[in-house]
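A quick write-up on the structure given underneath.
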Amino acid sequence: MVFEKKYRGISSNFHREIYVSLYLETNITRLMPHPQKIVILGHFGVGKTSLIRRFVDASFSEDYLVTVGVHVKKKDIIINDNPTTLVIWDIEGNSEISMSRSSYLLGSNGFVYVFDVSRPETYANLEAQLEYLKEHFPKVPVTIFGNKADKFGEEVSKAFFEVPPFTECFFTSAKTGENVEEGFKELTIKTLKQ
Ligand SMILES: Nc1nc2c(ncn2[C@@H]2O[C@H](COP(=O)(O)OP(=O)(O)OP(=O)(O)O)[C@@H](O)[C@H]2O)c(=O)[nH]1
Ligand SMILES: [Mg+2]
């Protein structure tokens, strides 16, 4: 009799625990947004890999290792108290987005378009590249990074970029970390609104 009572107690606690954990899991999953696929675009050598390394690993290297194909990194961030996962695709550099493999771009929730403030050829076709994205991915938000902002000074004029289309850019430095987190956060907020 005592045994039966004890057994029944354990059994009902056990079921209650399973029920509570299933309930929590279902509701937490419902509250958590799907991972957001972010693809980093731009000419070669503008600092795409370095920006991701700064954002995800908080580090920087002067070495230049050309990205071949694609590398994917994951980063968990909190936006307005909500946890979100970014799956960041670091693809090889291309002067034209149309030359990138279409399978890399499919299913993107957001794009970062990066240029190098110290190399005019990397932003000469900026407007055409933004048009291309608008035409082919009309619903996908884009954030523009003018990278290597640590070079602003005598060699590179900041004033040059104080006119459209540069007024919407984040001027970032993967080297110092300036504006990197802010830029990625702004893009994530835009992707979550889609
Ligand atoms: N001064 C400075 N150098 C940078 C910055 N970001 C990247 N670099 C340097 O620029 C070079 C190219 O950087 P990567 O991050 O490899 O460029 P990438 O755009 O990934 O290049 P690809 O993979 O060939 O397309 C490296 O030598 C980096 O150290 C920056 O913000 N400031
Ligand atoms: Mg790279």
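Simple scheme: letters A, B, ... for chains in structure tokens order, numbers from 1 for residues in each chain, numbers from 1 for ligands in the order shown.
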
Return as JSON, numbers by chain every polymer residue, whether protein, DNA or RNA, with at least one atom no more than 7 Å from an atom of ligand 1; count only C-alpha atoms and all ligand atoms. {"A": [42, 43, 44, 45, 46, 47, 48, 49, 50, 51, 60, 61, 62, 63, 64, 65, 66, 67, 68, 91, 92, 93, 94, 147, 148, 149, 150, 151, 172, 173, 174, 175, 176]}

Could you pull out the alpha helix (DSSP H) residues of region 3-190 of chain A from DSSP and send them as JSON, numbers by chain? {"A": [3, 4, 5, 6, 7, 8, 9, 10, 11, 12, 13, 14, 15, 16, 17, 18, 19, 20, 21, 22, 23, 24, 25, 26, 27, 28, 29, 30, 31, 48, 49, 50, 51, 52, 53, 54, 55, 56, 57, 102, 103, 104, 105, 126, 127, 128, 129, 130, 131, 132, 133, 134, 135, 136, 180, 181, 182, 183, 184, 185, 186, 187, 188, 189, 190]}

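If you look at CA of Gly107 (chain A) and CA of Pro83 (chain A), they are 20.7 Å away from each other.
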
Between A:Gly69, A:Asp57, A:Asn80, A:Lys37, smallest distance to ligand 2 by only C-alpha atoms and all ligand atoms belongs to A:Gly69

Write out as number ranges by chain which residues come within 8 Å of Ile144 (chain A) when counting only C-alpha atoms, dropping same-chain ones fewer than 3 positions away. A: 112-115, 168-170

Output for the residues just chosen: N, CA and C atoms as a short mmCIF file (atom, residue, chain, number, x, y, z; two decimals), in the first residue's frame:
data_model
loop_
_atom_site.label_atom_id
_atom_site.label_comp_id
_atom_site.auth_asym_id
_atom_site.auth_seq_id
_atom_site.Cartn_x
_atom_site.Cartn_y
_atom_site.Cartn_z
N VAL A 112 24.84 42.72 -45.94
CA VAL A 112 25.73 43.83 -45.61
C VAL A 112 26.54 44.07 -46.87
N TYR A 113 26.52 45.30 -47.40
CA TYR A 113 27.35 45.61 -48.56
C TYR A 113 28.54 46.43 -48.05
N VAL A 114 29.74 45.92 -48.27
CA VAL A 114 30.94 46.56 -47.71
C VAL A 114 31.78 47.18 -48.83
N PHE A 115 32.24 48.43 -48.60
CA PHE A 115 33.28 49.00 -49.47
C PHE A 115 34.41 49.49 -48.59
N GLU A 168 23.78 57.16 -45.85
CA GLU A 168 23.10 56.05 -45.14
C GLU A 168 24.08 54.98 -44.65
N CYS A 169 25.38 55.20 -44.84
CA CYS A 169 26.35 54.14 -44.49
C CYS A 169 26.76 54.19 -43.02
N PHE A 170 27.18 53.04 -42.53
CA PHE A 170 27.91 52.97 -41.27
C PHE A 170 29.38 53.03 -41.63
#

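Between CA of Val180 (chain A) and CA of Ser59 (chain A) the interatomic distance comes to 11.9 Å.
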
Just want the 8 Å neighbourhood of Leu86 (chain A), counted on only C-alpha atoms, with same-chain residues fewer than 4 positions away dropped. Output as a PyMOL selection string. chain A and resi 35-38+74-77

Within 6 Å of region 135-142 of chain A, counting only C-alpha atoms, which residues show up once you throw out same-chain ones fewer than 5 positions away? Write them as an mmCIF file with C-alpha atoms, in the first residue's frame, please.
data_model
loop_
_atom_site.group_PDB
_atom_site.id
_atom_site.type_symbol
_atom_site.label_atom_id
_atom_site.label_comp_id
_atom_site.auth_asym_id
_atom_site.auth_seq_id
_atom_site.Cartn_x
_atom_site.Cartn_y
_atom_site.Cartn_z
ATOM 1 C CA ASN A 109 17.244 37.653 -44.505
ATOM 2 C CA GLY A 110 19.691 40.552 -44.806
ATOM 3 C CA PHE A 111 22.728 41.797 -46.708
ATOM 4 C CA VAL A 112 25.731 43.830 -45.607
#

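You will find CA of Glu162 (chain A) at 24.3 Å from CA of Glu96 (chain A).
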
Nearest to ligand 2: which of A:Val70, A:Ile97, A:Ile78, A:Ala58 is it, counting only C-alpha atoms and all ligand atoms? A:Val70

Residues of region 19-163 of chain A classed as strand (DSSP E) by DSSP on the backbone are to be reported as a PyMOL selection string. chain A and resi 36-41+70-79+82-91+110-116+142-147

Who sits within 12 Å of Pro165 (chain A), only C-alpha atoms, same chain under 5 positions skipped, as a PyMOL selection string: chain A and resi 123-131+143-146+160+170

Go through A:Thr84, A:Gly177, A:Asp90, A:Val39 and flag the residue nearest ligand 2, using only C-alpha atoms and all ligand atoms for the distances. A:Asp90
